[in-house]
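Source file work_19.cif; content: mmCIF, C-alpha atoms and all ligand atoms.
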data_start
loop_
_atom_site.group_PDB
_atom_site.id
_atom_site.type_symbol
_atom_site.label_atom_id
_atom_site.label_comp_id
_atom_site.auth_asym_id
_atom_site.auth_seq_id
_atom_site.Cartn_x
_atom_site.Cartn_y
_atom_site.Cartn_z
ATOM 1 C CA MET A 189 36.534 27.208 61.300
ATOM 2 C CA LYS A 190 37.892 25.181 58.374
ATOM 3 C CA ASN A 191 41.109 23.343 59.277
ATOM 4 C CA LYS A 192 41.135 24.780 62.818
ATOM 5 C CA VAL A 193 42.405 22.342 65.428
ATOM 6 C CA VAL A 194 39.747 22.104 68.144
ATOM 7 C CA ILE A 195 40.093 20.150 71.391
ATOM 8 C CA ILE A 196 36.812 19.387 73.156
ATOM 9 C CA THR A 197 37.180 17.890 76.623
ATOM 10 C CA GLY A 198 34.333 15.532 77.487
ATOM 11 C CA GLY A 199 33.395 15.129 73.840
ATOM 12 C CA SER A 200 31.883 11.650 74.088
ATOM 13 C CA SER A 201 28.415 12.737 75.229
ATOM 14 C CA GLY A 202 25.869 15.556 75.350
ATOM 15 C CA ILE A 203 26.953 19.109 74.544
ATOM 16 C CA GLY A 204 30.593 18.117 73.871
ATOM 17 C CA LEU A 205 29.581 15.470 71.334
ATOM 18 C CA ALA A 206 27.208 17.905 69.619
ATOM 19 C CA LEU A 207 30.008 20.499 69.506
ATOM 20 C CA ALA A 208 32.343 17.938 67.925
ATOM 21 C CA GLU A 209 29.784 17.339 65.195
ATOM 22 C CA ARG A 210 29.175 21.068 64.659
ATOM 23 C CA PHE A 211 32.885 21.935 64.353
ATOM 24 C CA GLY A 212 33.484 18.832 62.243
ATOM 25 C CA GLN A 213 30.759 19.902 59.809
ATOM 26 C CA ALA A 214 32.551 23.244 59.488
ATOM 27 C CA GLY A 215 35.754 21.454 58.459
ATOM 28 C CA SER A 216 37.644 21.663 61.766
ATOM 29 C CA LYS A 217 40.035 18.948 62.926
ATOM 30 C CA VAL A 218 38.519 17.809 66.187
ATOM 31 C CA MET A 219 40.049 15.953 69.130
ATOM 32 C CA ILE A 220 37.612 14.746 71.788
ATOM 33 C CA THR A 221 38.533 13.507 75.249
ATOM 34 C CA GLY A 222 36.854 11.605 78.048
ATOM 35 C CA ARG A 223 37.597 8.954 80.660
ATOM 36 C CA ASN A 224 35.632 6.047 79.247
ATOM 37 C CA GLU A 225 37.422 4.420 76.316
ATOM 38 C CA GLU A 226 34.322 2.650 74.969
ATOM 39 C CA SER A 227 32.191 5.825 74.923
ATOM 40 C CA LEU A 228 35.006 7.648 73.146
ATOM 41 C CA ALA A 229 35.353 4.926 70.515
ATOM 42 C CA HIS A 230 31.585 4.869 70.003
ATOM 43 C CA ALA A 231 31.494 8.665 69.555
ATOM 44 C CA VAL A 232 34.442 8.673 67.155
ATOM 45 C CA ASN A 233 32.921 5.915 65.015
ATOM 46 C CA ASN A 234 29.600 7.765 64.782
ATOM 47 C CA LEU A 235 31.274 11.064 63.928
ATOM 48 C CA LYS A 236 33.578 9.496 61.348
ATOM 49 C CA ALA A 237 30.573 7.824 59.717
ATOM 50 C CA ARG A 238 29.256 11.348 59.148
ATOM 51 C CA GLY A 239 32.482 12.403 57.451
ATOM 52 C CA ILE A 240 33.929 14.304 60.385
ATOM 53 C CA SER A 241 37.685 14.556 60.940
ATOM 54 C CA VAL A 242 37.957 13.466 64.562
ATOM 55 C CA SER A 243 40.345 11.689 66.909
ATOM 56 C CA ALA A 244 39.982 10.625 70.519
ATOM 57 C CA PHE A 245 42.354 10.965 73.450
ATOM 58 C CA GLN A 246 41.525 9.195 76.686
ATOM 59 C CA ALA A 247 42.101 11.660 79.515
ATOM 60 C CA ASP A 248 40.694 12.604 82.895
ATOM 61 C CA VAL A 249 40.639 16.419 83.167
ATOM 62 C CA SER A 250 41.019 16.240 86.928
ATOM 63 C CA LYS A 251 44.515 14.747 86.479
ATOM 64 C CA GLU A 252 47.104 17.369 85.568
ATOM 65 C CA ALA A 253 49.362 14.867 83.767
ATOM 66 C CA ASP A 254 46.489 13.764 81.501
ATOM 67 C CA ASN A 255 45.993 17.352 80.355
ATOM 68 C CA LYS A 256 49.694 17.770 79.548
ATOM 69 C CA ALA A 257 49.586 14.510 77.576
ATOM 70 C CA MET A 258 46.413 15.667 75.783
ATOM 71 C CA ALA A 259 47.999 18.919 74.598
ATOM 72 C CA GLU A 260 51.160 17.062 73.515
ATOM 73 C CA ALA A 261 49.098 14.493 71.597
ATOM 74 C CA ALA A 262 47.173 17.221 69.739
ATOM 75 C CA ILE A 263 50.412 18.998 68.781
ATOM 76 C CA ARG A 264 51.977 15.700 67.666
ATOM 77 C CA GLN A 265 48.961 14.838 65.553
ATOM 78 C CA TYR A 266 47.908 18.228 64.145
ATOM 79 C CA GLY A 267 50.960 20.452 64.707
ATOM 80 C CA THR A 268 49.104 23.042 66.798
ATOM 81 C CA ILE A 269 45.949 23.906 68.792
ATOM 82 C CA ASP A 270 43.590 26.743 67.782
ATOM 83 C CA ILE A 271 40.619 26.294 70.088
ATOM 84 C CA LEU A 272 40.213 24.607 73.462
ATOM 85 C CA ILE A 273 36.649 23.951 74.593
ATOM 86 C CA ASN A 274 36.664 23.116 78.293
ATOM 87 C CA ASN A 275 33.437 21.174 78.317
ATOM 88 C CA ALA A 276 34.029 18.104 80.544
ATOM 89 C CA GLY A 277 31.922 18.389 83.660
ATOM 90 C CA ILE A 278 30.016 16.530 86.332
ATOM 91 C CA SER A 279 27.178 17.584 88.575
ATOM 92 C CA MET A 280 25.866 16.672 92.009
ATOM 93 C CA ARG A 281 22.537 16.679 93.822
ATOM 94 C CA ALA A 282 22.492 16.671 97.610
ATOM 95 C CA LEU A 283 21.831 19.144 100.386
ATOM 96 C CA PHE A 284 24.998 20.668 101.824
ATOM 97 C CA ALA A 285 24.075 19.521 105.354
ATOM 98 C CA GLU A 286 24.105 15.904 104.171
ATOM 99 C CA VAL A 287 26.689 15.696 101.401
ATOM 100 C CA ASP A 288 29.967 13.831 101.798
ATOM 101 C CA LEU A 289 32.478 16.639 101.244
ATOM 102 C CA GLU A 290 34.446 14.335 98.956
ATOM 103 C CA VAL A 291 31.606 14.808 96.424
ATOM 104 C CA VAL A 292 32.208 18.566 96.389
ATOM 105 C CA ARG A 293 35.950 17.951 95.976
ATOM 106 C CA ARG A 294 35.364 15.645 92.986
ATOM 107 C CA VAL A 295 33.107 18.209 91.316
ATOM 108 C CA MET A 296 35.657 21.007 91.874
ATOM 109 C CA ASP A 297 38.510 18.793 90.628
ATOM 110 C CA THR A 298 36.684 18.173 87.355
ATOM 111 C CA ASN A 299 34.798 21.408 86.669
ATOM 112 C CA PHE A 300 37.376 23.894 87.973
ATOM 113 C CA TYR A 301 40.852 22.367 88.240
ATOM 114 C CA GLY A 302 40.231 20.411 85.022
ATOM 115 C CA VAL A 303 39.804 23.697 83.150
ATOM 116 C CA LEU A 304 42.900 25.210 84.764
ATOM 117 C CA TYR A 305 45.111 22.273 83.770
ATOM 118 C CA ALA A 306 43.817 21.914 80.203
ATOM 119 C CA THR A 307 44.046 25.659 79.576
ATOM 120 C CA ARG A 308 47.584 25.921 80.969
ATOM 121 C CA TYR A 309 48.941 23.212 78.654
ATOM 122 C CA CYS A 310 47.078 24.355 75.502
ATOM 123 C CA LEU A 311 47.612 28.098 76.002
ATOM 124 C CA PRO A 312 51.053 28.529 74.375
ATOM 125 C CA GLU A 313 49.725 27.226 71.033
ATOM 126 C CA ILE A 314 46.461 29.174 71.367
ATOM 127 C CA ILE A 315 48.430 32.397 71.971
ATOM 128 C CA LYS A 316 50.560 31.729 68.866
ATOM 129 C CA ASN A 317 47.377 31.298 66.797
ATOM 130 C CA LYS A 318 45.335 34.078 68.462
ATOM 131 C CA GLY A 319 42.797 31.311 69.036
ATOM 132 C CA SER A 320 40.029 30.743 71.587
ATOM 133 C CA VAL A 321 39.723 29.401 75.122
ATOM 134 C CA VAL A 322 36.140 28.427 75.906
ATOM 135 C CA GLY A 323 34.704 27.431 79.259
ATOM 136 C CA ILE A 324 31.351 25.665 79.337
ATOM 137 C CA SER A 325 30.019 27.137 82.541
ATOM 138 C CA SER A 326 26.346 27.295 83.544
ATOM 139 C CA ILE A 327 23.555 29.558 84.771
ATOM 140 C CA ALA A 328 24.610 27.980 88.097
ATOM 141 C CA GLY A 329 27.818 30.018 87.702
ATOM 142 C CA PHE A 330 25.781 33.215 88.095
ATOM 143 C CA ARG A 331 23.048 32.034 90.446
ATOM 144 C CA GLY A 332 23.592 29.308 93.055
ATOM 145 C CA LEU A 333 21.194 26.372 92.835
ATOM 146 C CA PRO A 334 19.959 24.447 95.896
ATOM 147 C CA GLY A 335 21.358 20.904 96.047
ATOM 148 C CA ARG A 336 24.307 21.922 93.863
ATOM 149 C CA THR A 337 26.706 23.661 96.256
ATOM 150 C CA GLY A 338 29.799 22.043 94.718
ATOM 151 C CA TYR A 339 28.542 22.445 91.154
ATOM 152 C CA SER A 340 27.560 26.101 91.571
ATOM 153 C CA ALA A 341 30.808 26.893 93.391
ATOM 154 C CA SER A 342 32.835 25.217 90.628
ATOM 155 C CA LYS A 343 31.070 27.246 87.929
ATOM 156 C CA PHE A 344 31.382 30.531 89.883
ATOM 157 C CA ALA A 345 35.108 29.759 90.195
ATOM 158 C CA LEU A 346 35.263 29.001 86.472
ATOM 159 C CA ASN A 347 33.592 32.318 85.601
ATOM 160 C CA GLY A 348 36.124 34.173 87.756
ATOM 161 C CA PHE A 349 39.030 32.304 86.201
ATOM 162 C CA LEU A 350 37.843 33.031 82.650
ATOM 163 C CA GLU A 351 37.284 36.720 83.428
ATOM 164 C CA VAL A 352 40.834 37.089 84.713
ATOM 165 C CA LEU A 353 42.264 35.082 81.808
ATOM 166 C CA ARG A 354 40.429 37.283 79.288
ATOM 167 C CA THR A 355 41.763 40.408 80.958
ATOM 168 C CA GLU A 356 45.335 39.095 81.236
ATOM 169 C CA LEU A 357 45.276 38.173 77.538
ATOM 170 C CA LEU A 358 43.615 41.420 76.411
ATOM 171 C CA ASN A 359 46.458 42.493 74.138
ATOM 172 C CA THR A 360 47.348 39.070 72.764
ATOM 173 C CA GLY A 361 44.455 38.563 70.355
ATOM 174 C CA VAL A 362 43.260 35.484 72.261
ATOM 175 C CA HIS A 363 39.490 35.152 72.588
ATOM 176 C CA VAL A 364 37.977 33.865 75.856
ATOM 177 C CA LEU A 365 34.318 32.790 75.923
ATOM 178 C CA THR A 366 32.275 32.041 79.035
ATOM 179 C CA ALA A 367 29.406 29.924 77.707
ATOM 180 C CA CYS A 368 26.521 29.345 80.117
ATOM 181 C CA PRO A 369 23.914 26.849 78.947
ATOM 182 C CA GLY A 370 20.581 26.615 80.748
ATOM 183 C CA PHE A 371 18.985 23.221 81.303
ATOM 184 C CA THR A 372 20.003 21.087 78.299
ATOM 185 C CA ALA A 373 18.994 17.482 77.656
ATOM 186 C CA SER A 374 22.053 15.254 78.249
ATOM 187 C CA ASN A 375 23.413 12.577 80.579
ATOM 188 C CA ILE A 376 24.585 15.070 83.200
ATOM 189 C CA ARG A 377 21.694 14.614 85.645
ATOM 190 C CA MET A 378 21.747 10.803 85.306
ATOM 191 C CA ARG A 379 25.439 10.877 86.240
ATOM 192 C CA ALA A 380 25.147 13.556 88.949
ATOM 193 C CA LEU A 381 26.626 12.492 92.284
ATOM 194 C CA THR A 382 24.301 12.022 95.233
ATOM 195 C CA LYS A 383 25.249 12.708 98.858
ATOM 196 C CA ASP A 384 27.351 9.527 99.136
ATOM 197 C CA GLY A 385 29.068 9.937 95.751
ATOM 198 C CA ASN A 386 27.007 7.423 93.757
ATOM 199 C CA ALA A 387 25.517 8.391 90.411
ATOM 200 C CA GLN A 388 21.898 9.543 90.670
ATOM 201 C CA GLY A 389 20.933 7.199 87.807
ATOM 202 C CA LYS A 390 17.855 9.178 86.742
ATOM 203 C CA SER A 391 16.945 12.766 85.995
ATOM 204 C CA PRO A 392 14.791 14.656 88.506
ATOM 205 C CA ARG A 393 13.607 16.973 85.692
ATOM 206 C CA VAL A 394 11.722 16.531 82.422
ATOM 207 C CA GLU A 395 14.578 16.203 79.931
ATOM 208 C CA GLU A 396 12.216 16.330 76.901
ATOM 209 C CA LYS A 397 11.263 19.935 77.710
ATOM 210 C CA MET A 398 14.890 21.129 77.695
ATOM 211 C CA MET A 399 16.999 22.663 74.944
ATOM 212 C CA THR A 400 18.660 19.929 72.892
ATOM 213 C CA ALA A 401 22.436 19.455 73.038
ATOM 214 C CA GLU A 402 22.540 20.172 69.282
ATOM 215 C CA GLU A 403 20.798 23.545 69.646
ATOM 216 C CA CYS A 404 23.040 24.426 72.583
ATOM 217 C CA ALA A 405 26.126 23.494 70.533
ATOM 218 C CA LEU A 406 24.963 25.667 67.628
ATOM 219 C CA HIS A 407 24.673 28.716 69.932
ATOM 220 C CA ILE A 408 28.141 28.034 71.361
ATOM 221 C CA TYR A 409 29.614 27.514 67.881
ATOM 222 C CA LYS A 410 28.206 30.861 66.680
ATOM 223 C CA ALA A 411 29.499 32.631 69.811
ATOM 224 C CA ILE A 412 32.995 31.259 69.116
ATOM 225 C CA VAL A 413 32.860 32.327 65.463
ATOM 226 C CA LYS A 414 31.775 35.841 66.543
ATOM 227 C CA ARG A 415 34.373 35.836 69.359
ATOM 228 C CA LYS A 416 31.787 36.801 71.994
ATOM 229 C CA ARG A 417 32.828 37.119 75.646
ATOM 230 C CA THR A 418 29.688 35.703 77.309
ATOM 231 C CA LEU A 419 26.826 33.521 76.170
ATOM 232 C CA ILE A 420 23.817 32.994 78.414
ATOM 233 C CA LEU A 421 21.319 30.480 77.134
ATOM 234 C CA THR A 422 17.559 29.841 77.411
ATOM 235 C CA GLY A 423 14.903 32.392 78.300
ATOM 236 C CA GLN A 424 14.686 30.952 81.814
ATOM 237 C CA GLY A 425 18.470 31.232 82.174
ATOM 238 C CA ARG A 426 18.604 34.886 81.074
ATOM 239 C CA LEU A 427 15.679 35.795 83.353
ATOM 240 C CA THR A 428 17.357 34.057 86.301
ATOM 241 C CA VAL A 429 20.640 35.940 85.816
ATOM 242 C CA TRP A 430 18.820 39.275 85.348
ATOM 243 C CA LEU A 431 16.541 38.802 88.368
ATOM 244 C CA ASN A 432 19.415 37.683 90.574
ATOM 245 C CA LYS A 433 21.313 40.872 89.740
ATOM 246 C CA TRP A 434 18.462 43.324 90.309
ATOM 247 C CA TRP A 435 16.209 41.595 92.868
ATOM 248 C CA PRO A 436 18.255 38.865 94.572
ATOM 249 C CA SER A 437 15.854 38.306 97.493
ATOM 250 C CA LEU A 438 13.036 37.488 95.055
ATOM 251 C CA ALA A 439 15.438 35.277 93.099
ATOM 252 C CA ASP A 440 16.139 33.313 96.325
ATOM 253 C CA LYS A 441 12.426 32.562 96.728
ATOM 254 C CA LEU A 442 11.789 31.718 93.078
ATOM 255 C CA VAL A 443 14.856 29.485 92.782
ATOM 256 C CA TYR A 444 13.891 27.728 96.037
ATOM 257 C CA SER A 445 10.340 26.999 94.868
ATOM 258 C CA THR A 446 11.438 25.949 91.354
ATOM 259 C CA MET A 447 14.077 23.529 92.606
ATOM 260 C CA ALA A 448 11.781 22.186 95.352
ATOM 261 C CA LYS A 449 9.545 20.840 92.562
ATOM 262 C CA GLU A 450 12.290 18.441 91.381
ATOM 263 C CA ARG A 451 11.557 14.765 91.873
ATOM 264 C CA PRO A 452 13.284 13.327 94.969
ATOM 265 C CA ASN A 453 16.286 10.965 94.548
HETATM 266 N N1 LIG A 501 23.189 19.627 80.433
HETATM 267 C C1 LIG A 501 22.936 20.719 81.120
HETATM 268 O O1 LIG A 501 21.787 20.969 81.553
HETATM 269 C C2 LIG A 501 24.037 21.713 81.360
HETATM 270 C C3 LIG A 501 23.685 23.005 81.770
HETATM 271 C C4 LIG A 501 24.698 23.922 81.993
HETATM 272 C C5 LIG A 501 26.014 23.575 81.825
HETATM 273 N N2 LIG A 501 26.335 22.310 81.434
HETATM 274 C C6 LIG A 501 27.758 21.960 81.289
HETATM 275 O O2 LIG A 501 27.986 21.417 80.019
HETATM 276 C C7 LIG A 501 29.124 20.558 80.083
HETATM 277 C C8 LIG A 501 28.803 19.246 79.376
HETATM 278 O O3 LIG A 501 27.792 18.587 80.085
HETATM 279 P P1 LIG A 501 26.689 17.625 79.408
HETATM 280 O O4 LIG A 501 25.393 18.116 79.871
HETATM 281 O O5 LIG A 501 26.929 17.474 77.981
HETATM 282 O O6 LIG A 501 26.994 16.266 80.239
HETATM 283 P P2 LIG A 501 27.207 14.736 79.809
HETATM 284 O O7 LIG A 501 26.248 14.330 78.737
HETATM 285 O O8 LIG A 501 27.198 14.001 81.091
HETATM 286 O O9 LIG A 501 28.690 14.719 79.187
HETATM 287 C C9 LIG A 501 29.806 14.967 80.003
HETATM 288 C C10 LIG A 501 31.081 14.627 79.237
HETATM 289 O O10 LIG A 501 32.197 14.955 80.072
HETATM 290 C C11 LIG A 501 33.035 13.801 80.197
HETATM 291 N N3 LIG A 501 33.691 13.840 81.507
HETATM 292 C C12 LIG A 501 33.138 13.809 82.742
HETATM 293 N N4 LIG A 501 34.095 13.848 83.683
HETATM 294 C C13 LIG A 501 35.272 13.895 83.025
HETATM 295 C C14 LIG A 501 36.632 13.943 83.428
HETATM 296 N N5 LIG A 501 36.977 13.920 84.736
HETATM 297 N N6 LIG A 501 37.593 13.987 82.486
HETATM 298 C C15 LIG A 501 37.260 13.997 81.164
HETATM 299 N N7 LIG A 501 36.010 13.957 80.720
HETATM 300 C C16 LIG A 501 35.032 13.902 81.643
HETATM 301 C C17 LIG A 501 32.101 12.604 79.998
HETATM 302 O O11 LIG A 501 32.807 11.435 79.570
HETATM 303 P P3 LIG A 501 33.401 10.342 80.632
HETATM 304 O O12 LIG A 501 32.351 10.185 81.697
HETATM 305 O O13 LIG A 501 33.666 9.118 79.825
HETATM 306 O O14 LIG A 501 34.661 10.939 81.171
HETATM 307 C C18 LIG A 501 31.212 13.142 78.895
HETATM 308 O O15 LIG A 501 31.847 13.022 77.639
HETATM 309 C C19 LIG A 501 29.469 20.409 81.562
HETATM 310 O O16 LIG A 501 30.561 21.239 81.888
HETATM 311 C C20 LIG A 501 28.219 20.890 82.253
HETATM 312 O O17 LIG A 501 28.475 21.405 83.534
HETATM 313 C C21 LIG A 501 25.374 21.363 81.194
#
Could you write out this structure as structure tokens?
Amino acid sequence: MKNKVVIITGGSSGIGLALAERFGQAGSKVMITGRNEESLAHAVNNLKARGISVSAFQADVSKEADNKAMAEAAIRQYGTIDILINNAGISMRALFAEVDLEVVRRVMDTNFYGVLYATRYCLPEIIKNKGSVVGISSIAGFRGLPGRTGYSASKFALNGFLEVLRTELLNTGVHVLTACPGFTASNIRMRALTKDGNAQGKSPRVEEKMMTAEECALHIYKAIVKRKRTLILTGQGRLTVWLNKWWPSLADKLVYSTMAKERPN
């Protein structure tokens, strides 16, 4: 990964930030993006203090023009793009019967359309370099989770998109990875949108018991190095995907009872 140019969308927090550090330690030239300028600056300062070659580009993945500008900025600065990690994402937590449909639209705009836009504008360089397109999906992209209609739908859509992209690019040497973390400690649940579109502000789960963002990033890094097609993380995550495939009616009941134990908003 030495000297590879790696763009990580949503690199100012959680898994994206840990990925920036991991690739930076391997000698990659990293560009991180995000909407909040202060968080980006904070992340860049911390990474630079650890000797990592990193730059920031303020961009909202849900805006097509921002993604075009992001790709252009990376090419201007580094001359090319080798790896795009589509990591930026938001979640939600509300029953479908109650949720403002605008919440679902915002989640789809970020988690699905954001990946489409970023990939489209980075792809020409990635094809030239036989590089990698990575989508940070979720177990929720294989098995729908109650209270996360928009989130699960966005990740199912992402999985479909990545599968087609991989197949279309089969003879180009481009690598496409669908990376599906299980529950990972980060800010995602604090920022998840409730039924009226406000941030939840707290996690309904025990974050301390989850995989760390650093461990998750290490698994994703290794999967990119080995050019794997799919990565499914955590024992619980693998069991959920397996059970849903072979015994979906039991999976319905188990997922219902597991998610019903979450703390209320
Ligand atoms: N943590 C988990 O349990 C888990 C499990 C499975 C999958 N994932 C996936 O992992 C990815 C990273 O999540 P995380 O857990 O690390 O969450 P996080 O700590 O909340 O970080 C999310 C990052 O995405 C950025 N972001 C959000 N909306 C954006 C937008 N519209 N444009 C650009 N950047 C945006 C955020 O910065 P700004 O807010 O400043 O834009 C932040 O840097 C997501 O795709 C998520 O779905 C997470």
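Closest approach to ligand LIG 501 (chain A) among A:Lys343, A:Arg223, A:Lys441, A:Arg210: A:Arg223, based on all atoms listed in the file.
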Picked residues, the PyMOL selection byres (((chain A and resi 213) around 10) and not hetatm), as an mmCIF file with C-alpha atoms, keeping the file's coordinate frame:
data_model
loop_
_atom_site.group_PDB
_atom_site.id
_atom_site.type_symbol
_atom_site.label_atom_id
_atom_site.label_comp_id
_atom_site.auth_asym_id
_atom_site.auth_seq_id
_atom_site.Cartn_x
_atom_site.Cartn_y
_atom_site.Cartn_z
ATOM 1 C CA MET A 189 36.534 27.208 61.300
ATOM 2 C CA LYS A 190 37.892 25.181 58.374
ATOM 3 C CA LEU A 207 30.008 20.499 69.506
ATOM 4 C CA ALA A 208 32.343 17.938 67.925
ATOM 5 C CA GLU A 209 29.784 17.339 65.195
ATOM 6 C CA ARG A 210 29.175 21.068 64.659
ATOM 7 C CA PHE A 211 32.885 21.935 64.353
ATOM 8 C CA GLY A 212 33.484 18.832 62.243
ATOM 9 C CA ALA A 214 32.551 23.244 59.488
ATOM 10 C CA GLY A 215 35.754 21.454 58.459
ATOM 11 C CA SER A 216 37.644 21.663 61.766
ATOM 12 C CA LYS A 217 40.035 18.948 62.926
ATOM 13 C CA LEU A 235 31.274 11.064 63.928
ATOM 14 C CA ARG A 238 29.256 11.348 59.148
ATOM 15 C CA GLY A 239 32.482 12.403 57.451
ATOM 16 C CA ILE A 240 33.929 14.304 60.385
ATOM 17 C CA SER A 241 37.685 14.556 60.940
#
_Around ligand LIG 501 (chain A), out to 6 Å and counting all atoms listed in the file, which residues are there? I want them as a count of residues only._
31
*Would you translate the PyMOL selection byres (((chain A and resi 360-367) around 9) and not hetatm) into the concrete set of residues it matches in this file, as a ChimeraX atom specification?*
/A:314-326,346-347,350-351,353-354,356-359,368-369,408,411-412,415-421
*asked:* Taking 2 positions as the minimum chain separation for residues in the same chain, which residues sit within 9 Å of Arg451 of chain A when counting all atoms listed in the file? Answer as a ChimeraX atom specification.
replied: /A:391-393,448-449,453
*Closest to Asn386 of chain A among A:Val429, A:Asp254, A:Ala262, A:Ala282, using only C-alpha atoms?*
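Among A:Val429, A:Asp254, A:Ala262, A:Ala282, it is A:Ala282 that comes nearest to Asn386 of chain A.
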*asked:* Between atom CA of Trp430 of chain A and atom CA of Met398 of chain A, what distance in Å does the model show, to one decimal?
replied: 20.1 Å
*Skip Gln388 of chain A itself and residues of its chain fewer than 5 positions away, then list as a list of chain:residue names all residues within 10 Å of it, counting only C-alpha atoms.*
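Listed by chain and then number, they are A:Ser279, A:Met280, A:Arg281, A:Ala282, A:Ile376, A:Arg377, A:Met378, A:Arg379, A:Ala380, A:Leu381, A:Thr382, A:Lys383, A:Asn453.
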